[in-house]
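Comments concern the structure below.
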Amino acid sequence: MPNITSAKKRMELSRNAREKNRKIRSRIRTAVKRVKQSEDRETAESRLREAFQLLDRASRRRILHPKKADRVKSQLHRAVDSLE
């Protein structure tokens, strides 16, 4: 436990940021799973748009590395294209 006031504040800020980032990453993982589990193309494409929005927002905020977001988007796009 820190003794210095600024260290205590920093610890609180870090905890809040970590919790917020965990929630965002969890939403992304859920959206990705929903796209992969889609059985028809229409629902997959609507879920794909939602996942793309979440991934783009997270990469802009540097919660995810931008190249990782691009890679996941590419993989999801290929998965949706393979559906009939």
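FYI, nothing fancy with the structure tokens labels: chains A, B, ... in order, residues from 1 per chain, ligands from 1 as they appear.
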
Any idea what's packed within 10 Å of Leu83 in chain A, counting only C-alpha atoms, ignoring anything in its chain fewer than 4 positions away? Could you give it as a list in words?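 Everything that qualifies: Ser38, Glu39, Asp40, Arg41, Glu42, Ala44, Arg78 and Ala79 of chain A.
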
How many Å lie between CA of Arg71 in chain A and CA of Ser14 in chain A, rounded to one decimal?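 Rounded to one decimal, the two atoms are 27.8 Å apart.
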
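Note that CA of Ser26 in chain A and CA of Arg10 in chain A are 24.0 Å apart.
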
Find the residues around Asp70 in chain A up to 12 Å (only C-alpha atoms counted), leave out those fewer than 5 positions away in its own chain, and share them as a ChimeraX atom specification. /A:51-60,64-65,75-77

Output of the above residues as an mmCIF file, in the first residue's frame, restricted to C-alpha atoms:
data_model
loop_
_atom_site.group_PDB
_atom_site.id
_atom_site.type_symbol
_atom_site.label_atom_id
_atom_site.label_comp_id
_atom_site.auth_asym_id
_atom_site.auth_seq_id
_atom_site.Cartn_x
_atom_site.Cartn_y
_atom_site.Cartn_z
ATOM 1 C CA ALA A 51 -17.887 -6.276 -33.726
ATOM 2 C CA PHE A 52 -16.066 -3.986 -36.168
ATOM 3 C CA GLN A 53 -17.317 -0.916 -34.310
ATOM 4 C CA LEU A 54 -16.118 -2.282 -30.974
ATOM 5 C CA LEU A 55 -12.736 -3.283 -32.405
ATOM 6 C CA ASP A 56 -12.202 0.083 -34.101
ATOM 7 C CA ARG A 57 -13.105 1.996 -30.952
ATOM 8 C CA ALA A 58 -10.802 -0.130 -28.816
ATOM 9 C CA SER A 59 -7.893 0.254 -31.223
ATOM 10 C CA ARG A 60 -8.361 4.035 -31.381
ATOM 11 C CA LEU A 64 -6.158 -3.241 -28.258
ATOM 12 C CA HIS A 65 -3.158 -2.904 -30.517
ATOM 13 C CA GLN A 75 -10.394 -13.256 -39.617
ATOM 14 C CA LEU A 76 -14.028 -12.422 -38.906
ATOM 15 C CA HIS A 77 -14.558 -11.190 -42.446
#

Report the residues of chain A whose backbone DSSP state falls under helix (DSSP H, G or I), written as a VMD selection string. chain A and resid 5 to 37 41 to 60 66 to 81

Go ahead and compute the interatomic distance for CA of Val80 in chain A and CA of Leu48 in chain A, in Å to one decimal. 8.0 Å

Given only C-alpha atoms as the counted atoms, nearest of A:Arg61, A:Ala69, A:Ile24, A:Thr43 to Glu84 in chain A: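 Distance minimum relative to Glu84 in chain A lands on A:Thr43.
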
A:Ile4, A:Ile28, A:Met11, A:Val35 ranked by distance to Ile63 in chain A, top pick (using only C-alpha atoms):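 Comparing A:Ile4, A:Ile28, A:Met11, A:Val35 against Ile63 in chain A, the winner is A:Ile28.
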
Between A:Asp81, A:Lys68, A:Pro2, A:Arg47, single out the one closest to Lys33 in chain A, counting only C-alpha atoms.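 Among A:Asp81, A:Lys68, A:Pro2, A:Arg47, it is A:Arg47 that comes nearest to Lys33 in chain A.
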